[in-house]
file final.cif (mmCIF, C-alpha atoms)
data_query
loop_
_atom_site.label_atom_id
_atom_site.label_comp_id
_atom_site.auth_asym_id
_atom_site.auth_seq_id
_atom_site.Cartn_x
_atom_site.Cartn_y
_atom_site.Cartn_z
CA ALA Y 1 8.19 -10.75 -4.33
CA GLN Y 2 6.41 -7.46 -4.73
CA SER Y 3 5.62 -5.35 -7.74
CA VAL Y 4 3.33 -2.56 -8.85
CA THR Y 5 1.57 -1.95 -12.15
CA GLN Y 6 0.12 1.36 -13.22
CA LEU Y 7 -2.50 0.44 -15.75
CA ASP Y 8 -2.42 3.64 -17.80
CA SER Y 9 0.68 5.40 -19.05
CA HIS Y 10 -1.34 8.50 -19.95
CA VAL Y 11 -4.68 9.84 -18.73
CA SER Y 12 -6.35 12.94 -20.15
CA VAL Y 13 -9.28 14.71 -18.45
CA SER Y 14 -11.03 18.04 -18.74
CA GLU Y 15 -10.74 20.59 -15.97
CA GLY Y 16 -13.48 20.09 -13.40
CA THR Y 17 -14.05 16.41 -14.21
CA PRO Y 18 -13.05 13.45 -11.99
CA VAL Y 19 -9.60 11.89 -12.07
CA LEU Y 20 -8.92 8.16 -11.78
CA LEU Y 21 -5.36 6.81 -11.90
CA ARG Y 22 -5.19 3.05 -11.56
CA CYS Y 23 -2.64 1.01 -9.63
CA ASN Y 24 -2.48 -2.71 -8.94
CA TYR Y 25 0.11 -4.28 -6.68
CA SER Y 26 1.49 -7.68 -5.92
CA SER Y 27 2.87 -8.49 -2.49
CA SER Y 28 3.38 -11.58 -0.35
CA TYR Y 29 2.89 -9.59 2.85
CA SER Y 30 0.87 -6.63 4.06
CA PRO Y 31 2.29 -3.76 2.06
CA SER Y 32 2.67 -0.07 2.59
CA LEU Y 33 1.46 1.84 -0.45
CA PHE Y 34 2.19 5.37 -1.58
CA TRP Y 35 1.30 7.78 -4.35
CA TYR Y 36 3.79 10.42 -5.44
CA VAL Y 37 3.44 13.31 -7.90
CA GLN Y 38 6.21 14.79 -10.02
CA HIS Y 39 5.88 18.12 -11.77
CA PRO Y 40 8.27 18.99 -14.61
CA ASN Y 41 11.88 19.50 -13.48
CA LYS Y 42 10.99 18.68 -9.89
CA GLY Y 43 11.51 15.79 -7.51
CA LEU Y 44 8.75 13.45 -6.36
CA GLN Y 45 6.33 14.76 -3.75
CA LEU Y 46 4.35 12.47 -1.46
CA LEU Y 47 0.59 12.70 -2.10
CA LEU Y 48 -0.61 10.09 0.37
CA LYS Y 49 0.29 6.80 2.04
CA TYR Y 50 -1.45 3.66 3.23
CA THR Y 51 0.10 1.76 6.12
CA SER Y 52 -2.63 -0.70 7.27
CA ALA Y 53 -4.82 1.84 9.04
CA ALA Y 54 -7.99 3.15 7.32
CA THR Y 55 -8.48 1.75 3.83
CA LEU Y 56 -9.57 5.11 2.44
CA VAL Y 57 -6.63 7.47 2.58
CA LYS Y 58 -6.88 11.21 2.07
CA GLY Y 59 -3.91 13.11 0.73
CA ILE Y 60 -2.92 16.58 -0.26
CA ASN Y 61 -4.55 18.70 -2.96
CA GLY Y 62 -7.89 16.86 -2.70
CA PHE Y 63 -6.56 13.46 -3.77
CA GLU Y 64 -7.54 10.22 -2.10
CA ALA Y 65 -6.93 6.52 -2.63
CA GLU Y 66 -8.69 3.37 -1.51
CA PHE Y 67 -6.85 0.20 -0.56
CA LYS Y 68 -8.79 -2.86 -1.78
CA LYS Y 69 -7.09 -6.03 -0.67
CA SER Y 70 -9.47 -8.32 -2.55
CA GLU Y 71 -8.66 -6.54 -5.80
CA THR Y 72 -5.00 -5.79 -4.91
CA SER Y 73 -5.64 -2.24 -6.03
CA PHE Y 74 -4.79 1.23 -4.76
CA HIS Y 75 -6.38 3.62 -7.25
CA LEU Y 76 -5.92 7.38 -6.92
CA THR Y 77 -8.93 9.64 -7.36
CA LYS Y 78 -9.90 13.29 -7.25
CA PRO Y 79 -13.46 14.56 -7.69
CA SER Y 80 -12.56 17.59 -9.81
CA ALA Y 81 -9.35 18.08 -11.79
CA HIS Y 82 -7.50 21.36 -11.75
CA MET Y 83 -5.02 22.58 -14.34
CA SER Y 84 -2.28 22.44 -11.70
CA ASP Y 85 -2.82 18.67 -11.32
CA ALA Y 86 -1.14 18.05 -14.67
CA ALA Y 87 1.96 16.01 -13.77
CA GLU Y 88 3.40 12.48 -13.59
CA TYR Y 89 2.02 10.23 -10.86
CA PHE Y 90 3.79 7.23 -9.36
CA CYS Y 91 2.34 4.38 -7.34
CA VAL Y 92 4.79 2.71 -4.94
CA VAL Y 93 4.61 -0.51 -2.92
CA SER Y 94 6.83 -1.44 -0.01
CA VAL Y 95 6.93 -4.42 2.33
CA SER Y 96 10.00 -3.87 4.41
CA GLY Y 97 13.23 -2.01 4.79
CA ASN Y 98 14.41 -0.11 1.76
CA ASP Y 99 12.56 -2.28 -0.73
CA MET Y 100 10.28 0.22 -2.47
CA ARG Y 101 9.00 -0.65 -5.93
CA PHE Y 102 7.94 2.22 -8.19
CA GLY Y 103 5.40 1.94 -10.96
CA ALA Y 104 6.27 3.19 -14.42
CA GLY Y 105 4.19 6.33 -13.89
CA THR Y 106 0.99 7.82 -15.32
CA ARG Y 107 1.10 11.16 -17.05
CA LEU Y 108 -2.01 13.21 -16.29
CA THR Y 109 -3.03 15.86 -18.79
CA VAL Y 110 -5.76 18.36 -17.85
CA LYS Y 111 -7.53 20.14 -20.70
CA PRO Y 112 -9.12 23.55 -20.18
CA GLU C 1 10.17 20.86 -0.89
CA THR C 2 13.11 22.38 0.95
CA GLY C 3 13.80 19.40 3.23
CA VAL C 4 16.17 17.77 0.73
CA THR C 5 18.47 20.01 -1.31
CA GLN C 6 20.42 18.85 -4.35
CA THR C 7 23.19 20.71 -6.16
CA PRO C 8 23.82 21.43 -8.91
CA ARG C 9 20.39 21.47 -10.59
CA HIS C 10 21.94 20.97 -14.02
CA LEU C 11 25.28 19.49 -15.02
CA VAL C 12 26.85 18.95 -18.42
CA MET C 13 30.03 16.93 -18.49
CA GLY C 14 32.27 15.21 -20.97
CA MET C 15 33.03 11.52 -20.77
CA THR C 16 36.51 12.14 -19.35
CA ASN C 17 35.43 14.58 -16.63
CA LYS C 18 35.12 13.98 -12.92
CA LYS C 19 32.27 15.66 -11.08
CA SER C 20 30.23 15.21 -7.92
CA LEU C 21 26.57 15.57 -7.09
CA LYS C 22 25.65 16.77 -3.63
CA CYS C 23 22.60 16.13 -1.50
CA GLU C 24 21.76 17.53 1.93
CA GLN C 25 18.73 16.72 4.05
CA HIS C 26 17.40 18.92 6.84
CA LEU C 27 14.78 16.49 8.14
CA GLY C 28 16.79 14.59 10.73
CA HIS C 29 16.39 11.35 8.79
CA ASN C 30 18.73 8.39 9.17
CA ALA C 31 18.60 6.95 5.65
CA MET C 32 19.55 8.48 2.30
CA TYR C 33 19.17 7.23 -1.26
CA TRP C 34 20.29 7.86 -4.82
CA TYR C 35 17.82 7.15 -7.62
CA LYS C 36 18.25 7.42 -11.38
CA GLN C 37 15.30 8.55 -13.50
CA SER C 38 15.62 8.03 -17.24
CA ALA C 39 13.01 8.82 -19.85
CA LYS C 40 10.40 6.08 -20.28
CA LYS C 41 11.93 3.90 -17.54
CA PRO C 42 10.83 3.24 -13.96
CA LEU C 43 12.78 4.89 -11.20
CA GLU C 44 15.97 2.92 -10.50
CA LEU C 45 17.36 2.64 -6.99
CA MET C 46 21.14 3.01 -7.09
CA PHE C 47 22.43 3.25 -3.52
CA VAL C 48 21.05 3.25 0.02
CA TYR C 49 22.70 4.41 3.22
CA ASN C 50 21.21 3.55 6.60
CA PHE C 51 22.83 5.19 9.61
CA LYS C 52 25.71 6.23 7.28
CA GLU C 53 26.41 2.62 6.26
CA GLN C 54 25.84 1.55 2.68
CA THR C 55 23.24 -1.18 2.69
CA GLU C 56 22.40 -1.51 -0.98
CA ASN C 57 24.24 -1.21 -4.24
CA ASN C 58 22.01 -2.33 -7.04
CA SER C 59 24.62 -3.45 -9.55
CA VAL C 60 25.63 0.10 -10.29
CA PRO C 61 28.74 0.54 -12.49
CA SER C 62 31.89 1.56 -10.65
CA ARG C 63 31.98 4.87 -12.53
CA PHE C 64 29.38 5.94 -9.93
CA SER C 65 30.82 6.19 -6.43
CA PRO C 66 28.69 7.23 -3.44
CA GLU C 67 29.90 8.84 -0.26
CA CYS C 68 27.97 9.48 2.94
CA PRO C 69 30.14 11.39 5.43
CA ASN C 70 27.26 11.87 7.90
CA SER C 71 23.54 11.26 8.10
CA SER C 72 22.72 14.66 6.55
CA HIS C 73 24.97 14.61 3.49
CA LEU C 74 25.26 12.33 0.51
CA PHE C 75 27.48 12.61 -2.55
CA LEU C 76 27.61 10.85 -5.87
CA HIS C 77 31.05 11.00 -7.48
CA LEU C 78 31.06 10.61 -11.24
CA HIS C 79 33.96 9.71 -13.54
CA THR C 80 34.34 8.50 -17.11
CA LEU C 81 30.60 8.45 -17.66
CA GLN C 82 28.84 7.31 -20.83
CA PRO C 83 26.16 9.18 -22.79
CA GLU C 84 23.56 6.65 -21.58
CA ASP C 85 24.20 7.88 -18.05
CA SER C 86 22.41 11.10 -18.94
CA ALA C 87 19.35 11.24 -16.66
CA LEU C 88 17.76 12.96 -13.70
CA TYR C 89 19.50 11.89 -10.50
CA LEU C 90 17.29 12.11 -7.47
CA CYS C 91 18.32 12.07 -3.85
CA ALA C 92 15.87 11.05 -1.13
CA SER C 93 15.82 10.56 2.62
CA SER C 94 13.62 8.74 5.10
CA GLN C 95 13.41 7.78 8.74
CA GLN C 96 14.14 4.08 8.90
CA ARG C 97 13.07 1.91 11.83
CA ALA C 98 15.91 0.34 13.78
CA LEU C 99 14.04 -2.97 14.03
CA PRO C 100 12.90 -5.07 11.07
CA GLY C 101 9.29 -4.69 10.11
CA PRO C 102 6.98 -3.27 7.50
CA TYR C 103 8.39 -0.19 5.92
CA ASN C 104 6.02 2.69 6.30
CA SER C 105 8.20 5.78 6.31
CA PRO C 106 7.85 7.61 3.00
CA LEU C 107 10.73 8.96 0.98
CA HIS C 108 11.33 12.70 0.77
CA PHE C 109 12.91 13.70 -2.52
CA GLY C 110 15.07 16.56 -3.66
CA ASN C 111 14.45 18.29 -6.99
CA GLY C 112 17.18 16.31 -8.68
CA THR C 113 20.24 17.02 -10.79
CA ARG C 114 19.70 16.90 -14.55
CA LEU C 115 22.90 15.32 -15.88
CA THR C 116 23.90 15.41 -19.53
CA VAL C 117 26.96 13.48 -20.65
CA THR C 118 28.41 14.60 -23.97
#
call {"tool": "encode", "arguments": {"input": "final.cif", "output": "structure tokens"}}
result
Amino acid sequence: AQSVTQLDSHVSVSEGTPVLLRCNYSSSYSPSLFWYVQHPNKGLQLLLKYTSAATLVKGINGFEAEFKKSETSFHLTKPSAHMSDAAEYFCVVSVSGNDMRFGAGTRLTVKP
Amino acid sequence: ETGVTQTPRHLVMGMTNKKSLKCEQHLGHNAMYWYKQSAKKPLELMFVYNFKEQTENNSVPSRFSPECPNSSHLFLHLHTLQPEDSALYLCASSQQRALPGPYNSPLHFGNGTRLTVT
């Protein structure tokens, strides 16, 4: 069985400070992992994906995530938050086929 | 994201109405999906079509009826809905491998249809 847990439902940062959105997964096999972002009234947009290549994955808009098998984590980071980063972020785990499990989401607020 | 287009963007319907949601993908993908997104709930997978064949139906009530006439188009037919069906309905597509193996093709989402049932 596979599952994903986003450890924070809401994260608030100041503009220009680092962002850390935490994700832990559970999987019996080598998973594929994804982060998506959703802005208000929009669909989900792929930020980055991990598919058993490099453990540090770089995505769009300056985001990156590190796959840590020993900690079963796939945390999303960005060195410096921008106002436009305010959105809902989803961590997703997949082992095979159409079986993709979405986390409950983390709402990121960026203060000026 | 213009690869997956959903219409209409907003829909208000009464419980006795019949309506349809439409999704079209321009990415050449072979799999299409319907998801339901409700407030304060994780994304719920409703239906999956691989190569135009329905492969998953996650215990969705029969008042929701999907249709996939070809690999580029997906519909969700709605009838006699309940107020709790009000949600954002998201369509997605992906390129599925023909052989079993780890899934590594990401989903591409449309902007969704905001459905309100009165």
call {"tool": "atom_distance", "arguments": {"input": "final.cif", "atom1": "CA of Leu43 (chain C)", "atom2": "CA of Ser20 (chain C)"}}
result
20.5 Å
call {"tool": "closest_residue", "arguments": {"input": "final.cif", "among": "C:Thr80, C:Phe51, C:Cys68, C:Arg9", "to": "chain Y", "atoms": "only C-alpha atoms"}}
result
C:Arg9
call {"tool": "interface_residues", "arguments": {"input": "final.cif", "of": "chain Y", "to": "chain C", "cutoff": "7 Å", "atoms": "all atoms listed in the file", "output": "list in words"}}
result
Ser32, Lys42, Gly43, Leu44, Gln45, Thr51, Ser94, Val95, Ser96, Gly97, Phe102, Gly103 and Ala104 of chain Y
call {"tool": "residues_around", "arguments": {"input": "final.cif", "residues": "Glu71 (chain Y)", "least_positions_apart": "4", "cutoff": "10 Å", "atoms": "only C-alpha atoms", "output": "ChimeraX atom specification"}}
result
/Y:24-25,67
call {"tool": "atom_distance", "arguments": {"input": "final.cif", "atom1": "CA of Thr55 (chain Y)", "atom2": "CA of Ser9 (chain Y)"}}
result
24.9 Å
call {"tool": "residues_around", "arguments": {"input": "final.cif", "residues": "Pro79 (chain Y)", "least_positions_apart": "3", "cutoff": "9 Å", "atoms": "only C-alpha atoms", "output": "number ranges by chain"}}
result
Y: 16-20, 62-63
call {"tool": "residues_around", "arguments": {"input": "final.cif", "residues": "Ser14 (chain Y)", "least_positions_apart": "2", "cutoff": "9 Å", "atoms": "all atoms listed in the file", "output": "PyMOL selection string"}}
result
chain Y and resi 12+16-18+81-83+109-112
call {"tool": "write_last_selection", "arguments": {"input": "final.cif", "atoms": "C-alpha atoms", "output": "PDB file, keeping the file's coordinate frame"}}
result
ATOM      1  CA  SER Y  12      -6.350  12.940 -20.150  1.00  0.00           C
ATOM      2  CA  GLY Y  16     -13.480  20.090 -13.400  1.00  0.00           C
ATOM      3  CA  THR Y  17     -14.050  16.410 -14.210  1.00  0.00           C
ATOM      4  CA  PRO Y  18     -13.050  13.450 -11.990  1.00  0.00           C
ATOM      5  CA  ALA Y  81      -9.350  18.080 -11.790  1.00  0.00           C
ATOM      6  CA  HIS Y  82      -7.500  21.360 -11.750  1.00  0.00           C
ATOM      7  CA  MET Y  83      -5.020  22.580 -14.340  1.00  0.00           C
ATOM      8  CA  THR Y 109      -3.030  15.860 -18.790  1.00  0.00           C
ATOM      9  CA  VAL Y 110      -5.760  18.360 -17.850  1.00  0.00           C
ATOM     10  CA  LYS Y 111      -7.530  20.140 -20.700  1.00  0.00           C
ATOM     11  CA  PRO Y 112      -9.120  23.550 -20.180  1.00  0.00           C
TER      12      PRO Y 112
END
call {"tool": "decode", "arguments": {"input": "final.cif", "residues": "region 45-93 of chain Y", "atoms": "N, CA and C atoms", "output": "PDB file, in the first residue's frame"}}
result
ATOM      1  N   GLN Y  45      -0.729  22.272 -11.459  1.00  0.00           N
ATOM      2  CA  GLN Y  45       0.393  22.382 -12.379  1.00  0.00           C
ATOM      3  C   GLN Y  45       1.582  21.624 -11.809  1.00  0.00           C
ATOM      4  N   LEU Y  46       2.234  20.819 -12.641  1.00  0.00           N
ATOM      5  CA  LEU Y  46       3.385  20.050 -12.183  1.00  0.00           C
ATOM      6  C   LEU Y  46       4.563  20.978 -11.886  1.00  0.00           C
ATOM      7  N   LEU Y  47       5.102  20.861 -10.668  1.00  0.00           N
ATOM      8  CA  LEU Y  47       6.298  21.616 -10.279  1.00  0.00           C
ATOM      9  C   LEU Y  47       7.562  20.826 -10.575  1.00  0.00           C
ATOM     10  N   LEU Y  48       7.560  19.560 -10.163  1.00  0.00           N
ATOM     11  CA  LEU Y  48       8.723  18.710 -10.372  1.00  0.00           C
ATOM     12  C   LEU Y  48       8.335  17.255 -10.135  1.00  0.00           C
ATOM     13  N   LYS Y  49       9.227  16.344 -10.582  1.00  0.00           N
ATOM     14  CA  LYS Y  49       8.972  14.915 -10.381  1.00  0.00           C
ATOM     15  C   LYS Y  49      10.268  14.175 -10.095  1.00  0.00           C
ATOM     16  N   TYR Y  50      10.157  13.138  -9.302  1.00  0.00           N
ATOM     17  CA  TYR Y  50      11.260  12.233  -9.017  1.00  0.00           C
ATOM     18  C   TYR Y  50      10.878  10.849  -9.532  1.00  0.00           C
ATOM     19  N   THR Y  51      11.767  10.285 -10.383  1.00  0.00           N
ATOM     20  CA  THR Y  51      11.481   8.954 -10.913  1.00  0.00           C
ATOM     21  C   THR Y  51      12.740   8.098 -10.887  1.00  0.00           C
ATOM     22  N   SER Y  52      13.404   8.022  -9.747  1.00  0.00           N
ATOM     23  CA  SER Y  52      14.556   7.166  -9.453  1.00  0.00           C
ATOM     24  C   SER Y  52      15.822   7.569 -10.199  1.00  0.00           C
ATOM     25  N   ALA Y  53      15.928   8.781 -10.622  1.00  0.00           N
ATOM     26  CA  ALA Y  53      17.183   9.286 -11.178  1.00  0.00           C
ATOM     27  C   ALA Y  53      17.894  10.048 -10.040  1.00  0.00           C
ATOM     28  N   ALA Y  54      18.312  11.273 -10.255  1.00  0.00           N
ATOM     29  CA  ALA Y  54      18.986  12.050  -9.217  1.00  0.00           C
ATOM     30  C   ALA Y  54      18.051  12.288  -8.040  1.00  0.00           C
ATOM     31  N   THR Y  55      18.595  12.228  -6.833  1.00  0.00           N
ATOM     32  CA  THR Y  55      17.749  12.400  -5.646  1.00  0.00           C
ATOM     33  C   THR Y  55      17.372  13.855  -5.405  1.00  0.00           C
ATOM     34  N   LEU Y  56      18.155  14.785  -5.918  1.00  0.00           N
ATOM     35  CA  LEU Y  56      17.796  16.196  -5.820  1.00  0.00           C
ATOM     36  C   LEU Y  56      17.189  16.612  -7.155  1.00  0.00           C
ATOM     37  N   VAL Y  57      15.944  17.013  -7.083  1.00  0.00           N
ATOM     38  CA  VAL Y  57      15.188  17.316  -8.298  1.00  0.00           C
ATOM     39  C   VAL Y  57      14.907  18.814  -8.362  1.00  0.00           C
ATOM     40  N   LYS Y  58      15.223  19.398  -9.472  1.00  0.00           N
ATOM     41  CA  LYS Y  58      14.929  20.829  -9.666  1.00  0.00           C
ATOM     42  C   LYS Y  58      13.672  20.969 -10.503  1.00  0.00           C
ATOM     43  N   GLY Y  59      12.824  21.926 -10.095  1.00  0.00           N
ATOM     44  CA  GLY Y  59      11.579  22.142 -10.805  1.00  0.00           C
ATOM     45  C   GLY Y  59      11.463  23.550 -11.341  1.00  0.00           C
ATOM     46  N   ILE Y  60      10.249  23.919 -11.650  1.00  0.00           N
ATOM     47  CA  ILE Y  60      10.021  25.255 -12.183  1.00  0.00           C
ATOM     48  C   ILE Y  60       9.948  26.289 -11.066  1.00  0.00           C
ATOM     49  N   ASN Y  61      10.114  27.549 -11.435  1.00  0.00           N
ATOM     50  CA  ASN Y  61       9.956  28.667 -10.499  1.00  0.00           C
ATOM     51  C   ASN Y  61      10.905  28.604  -9.305  1.00  0.00           C
ATOM     52  N   GLY Y  62      12.061  27.966  -9.474  1.00  0.00           N
ATOM     53  CA  GLY Y  62      13.073  27.951  -8.422  1.00  0.00           C
ATOM     54  C   GLY Y  62      12.854  26.934  -7.320  1.00  0.00           C
ATOM     55  N   PHE Y  63      11.849  26.091  -7.451  1.00  0.00           N
ATOM     56  CA  PHE Y  63      11.597  25.057  -6.452  1.00  0.00           C
ATOM     57  C   PHE Y  63      12.473  23.837  -6.699  1.00  0.00           C
ATOM     58  N   GLU Y  64      12.794  23.136  -5.616  1.00  0.00           N
ATOM     59  CA  GLU Y  64      13.466  21.863  -5.722  1.00  0.00           C
ATOM     60  C   GLU Y  64      13.031  20.958  -4.578  1.00  0.00           C
ATOM     61  N   ALA Y  65      13.277  19.658  -4.744  1.00  0.00           N
ATOM     62  CA  ALA Y  65      12.897  18.696  -3.719  1.00  0.00           C
ATOM     63  C   ALA Y  65      13.964  17.622  -3.665  1.00  0.00           C
ATOM     64  N   GLU Y  66      14.164  17.079  -2.465  1.00  0.00           N
ATOM     65  CA  GLU Y  66      15.161  16.037  -2.286  1.00  0.00           C
ATOM     66  C   GLU Y  66      14.495  14.751  -1.825  1.00  0.00           C
ATOM     67  N   PHE Y  67      14.751  13.680  -2.557  1.00  0.00           N
ATOM     68  CA  PHE Y  67      14.236  12.365  -2.192  1.00  0.00           C
ATOM     69  C   PHE Y  67      15.195  11.740  -1.170  1.00  0.00           C
ATOM     70  N   LYS Y  68      14.675  11.420   0.017  1.00  0.00           N
ATOM     71  CA  LYS Y  68      15.481  10.782   1.055  1.00  0.00           C
ATOM     72  C   LYS Y  68      14.815   9.467   1.420  1.00  0.00           C
ATOM     73  N   LYS Y  69      15.363   8.397   0.886  1.00  0.00           N
ATOM     74  CA  LYS Y  69      14.752   7.085   1.094  1.00  0.00           C
ATOM     75  C   LYS Y  69      14.781   6.681   2.568  1.00  0.00           C
ATOM     76  N   SER Y  70      15.882   6.983   3.249  1.00  0.00           N
ATOM     77  CA  SER Y  70      16.008   6.569   4.647  1.00  0.00           C
ATOM     78  C   SER Y  70      14.978   7.259   5.545  1.00  0.00           C
ATOM     79  N   GLU Y  71      14.561   8.443   5.134  1.00  0.00           N
ATOM     80  CA  GLU Y  71      13.573   9.196   5.914  1.00  0.00           C
ATOM     81  C   GLU Y  71      12.179   9.140   5.271  1.00  0.00           C
ATOM     82  N   THR Y  72      12.062   8.455   4.171  1.00  0.00           N
ATOM     83  CA  THR Y  72      10.816   8.406   3.362  1.00  0.00           C
ATOM     84  C   THR Y  72      10.211   9.801   3.229  1.00  0.00           C
ATOM     85  N   SER Y  73      11.059  10.735   2.847  1.00  0.00           N
ATOM     86  CA  SER Y  73      10.598  12.115   2.716  1.00  0.00           C
ATOM     87  C   SER Y  73      10.881  12.663   1.324  1.00  0.00           C
ATOM     88  N   PHE Y  74      10.137  13.675   0.972  1.00  0.00           N
ATOM     89  CA  PHE Y  74      10.292  14.353  -0.330  1.00  0.00           C
ATOM     90  C   PHE Y  74       9.863  15.806  -0.123  1.00  0.00           C
ATOM     91  N   HIS Y  75      10.635  16.521   0.670  1.00  0.00           N
ATOM     92  CA  HIS Y  75      10.285  17.896   1.036  1.00  0.00           C
ATOM     93  C   HIS Y  75      10.570  18.876  -0.098  1.00  0.00           C
ATOM     94  N   LEU Y  76       9.717  19.857  -0.223  1.00  0.00           N
ATOM     95  CA  LEU Y  76       9.828  20.883  -1.279  1.00  0.00           C
ATOM     96  C   LEU Y  76      10.435  22.147  -0.675  1.00  0.00           C
ATOM     97  N   THR Y  77      11.421  22.706  -1.345  1.00  0.00           N
ATOM     98  CA  THR Y  77      12.074  23.904  -0.831  1.00  0.00           C
ATOM     99  C   THR Y  77      12.246  24.948  -1.925  1.00  0.00           C
ATOM    100  N   LYS Y  78      12.412  26.186  -1.453  1.00  0.00           N
ATOM    101  CA  LYS Y  78      12.751  27.301  -2.345  1.00  0.00           C
ATOM    102  C   LYS Y  78      13.550  28.289  -1.510  1.00  0.00           C
ATOM    103  N   PRO Y  79      14.664  28.766  -2.017  1.00  0.00           N
ATOM    104  CA  PRO Y  79      15.527  29.631  -1.182  1.00  0.00           C
ATOM    105  C   PRO Y  79      14.880  30.958  -0.792  1.00  0.00           C
ATOM    106  N   SER Y  80      14.055  31.502  -1.689  1.00  0.00           N
ATOM    107  CA  SER Y  80      13.518  32.839  -1.439  1.00  0.00           C
ATOM    108  C   SER Y  80      12.096  32.920  -1.980  1.00  0.00           C
ATOM    109  N   ALA Y  81      11.137  33.113  -1.074  1.00  0.00           N
ATOM    110  CA  ALA Y  81       9.729  33.131  -1.483  1.00  0.00           C
ATOM    111  C   ALA Y  81       9.373  34.426  -2.201  1.00  0.00           C
ATOM    112  N   HIS Y  82       8.483  34.266  -3.162  1.00  0.00           N
ATOM    113  CA  HIS Y  82       7.947  35.408  -3.900  1.00  0.00           C
ATOM    114  C   HIS Y  82       6.444  35.452  -3.672  1.00  0.00           C
ATOM    115  N   MET Y  83       5.885  36.641  -3.778  1.00  0.00           N
ATOM    116  CA  MET Y  83       4.437  36.782  -3.541  1.00  0.00           C
ATOM    117  C   MET Y  83       3.639  35.843  -4.442  1.00  0.00           C
ATOM    118  N   SER Y  84       4.123  35.628  -5.657  1.00  0.00           N
ATOM    119  CA  SER Y  84       3.403  34.779  -6.611  1.00  0.00           C
ATOM    120  C   SER Y  84       3.446  33.289  -6.250  1.00  0.00           C
ATOM    121  N   ASP Y  85       4.233  32.934  -5.233  1.00  0.00           N
ATOM    122  CA  ASP Y  85       4.286  31.530  -4.802  1.00  0.00           C
ATOM    123  C   ASP Y  85       3.107  31.161  -3.912  1.00  0.00           C
ATOM    124  N   ALA Y  86       2.339  32.144  -3.467  1.00  0.00           N
ATOM    125  CA  ALA Y  86       1.188  31.857  -2.616  1.00  0.00           C
ATOM    126  C   ALA Y  86       0.192  30.992  -3.374  1.00  0.00           C
ATOM    127  N   ALA Y  87      -0.071  29.793  -2.859  1.00  0.00           N
ATOM    128  CA  ALA Y  87      -0.914  28.816  -3.557  1.00  0.00           C
ATOM    129  C   ALA Y  87      -1.060  27.589  -2.661  1.00  0.00           C
ATOM    130  N   GLU Y  88      -1.742  26.569  -3.199  1.00  0.00           N
ATOM    131  CA  GLU Y  88      -1.868  25.269  -2.525  1.00  0.00           C
ATOM    132  C   GLU Y  88      -0.892  24.320  -3.204  1.00  0.00           C
ATOM    133  N   TYR Y  89      -0.175  23.538  -2.402  1.00  0.00           N
ATOM    134  CA  TYR Y  89       0.825  22.617  -2.933  1.00  0.00           C
ATOM    135  C   TYR Y  89       0.461  21.190  -2.548  1.00  0.00           C
ATOM    136  N   PHE Y  90       0.590  20.288  -3.521  1.00  0.00           N
ATOM    137  CA  PHE Y  90       0.227  18.890  -3.306  1.00  0.00           C
ATOM    138  C   PHE Y  90       1.407  17.982  -3.593  1.00  0.00           C
ATOM    139  N   CYS Y  91       1.656  17.071  -2.656  1.00  0.00           N
ATOM    140  CA  CYS Y  91       2.653  16.031  -2.836  1.00  0.00           C
ATOM    141  C   CYS Y  91       1.926  14.766  -3.300  1.00  0.00           C
ATOM    142  N   VAL Y  92       2.509  14.048  -4.254  1.00  0.00           N
ATOM    143  CA  VAL Y  92       1.837  12.885  -4.849  1.00  0.00           C
ATOM    144  C   VAL Y  92       2.824  11.736  -4.940  1.00  0.00           C
ATOM    145  N   VAL Y  93       2.367  10.535  -4.593  1.00  0.00           N
ATOM    146  CA  VAL Y  93       3.195   9.334  -4.712  1.00  0.00           C
ATOM    147  C   VAL Y  93       2.516   8.351  -5.649  1.00  0.00           C
TER     148      VAL Y  93
END
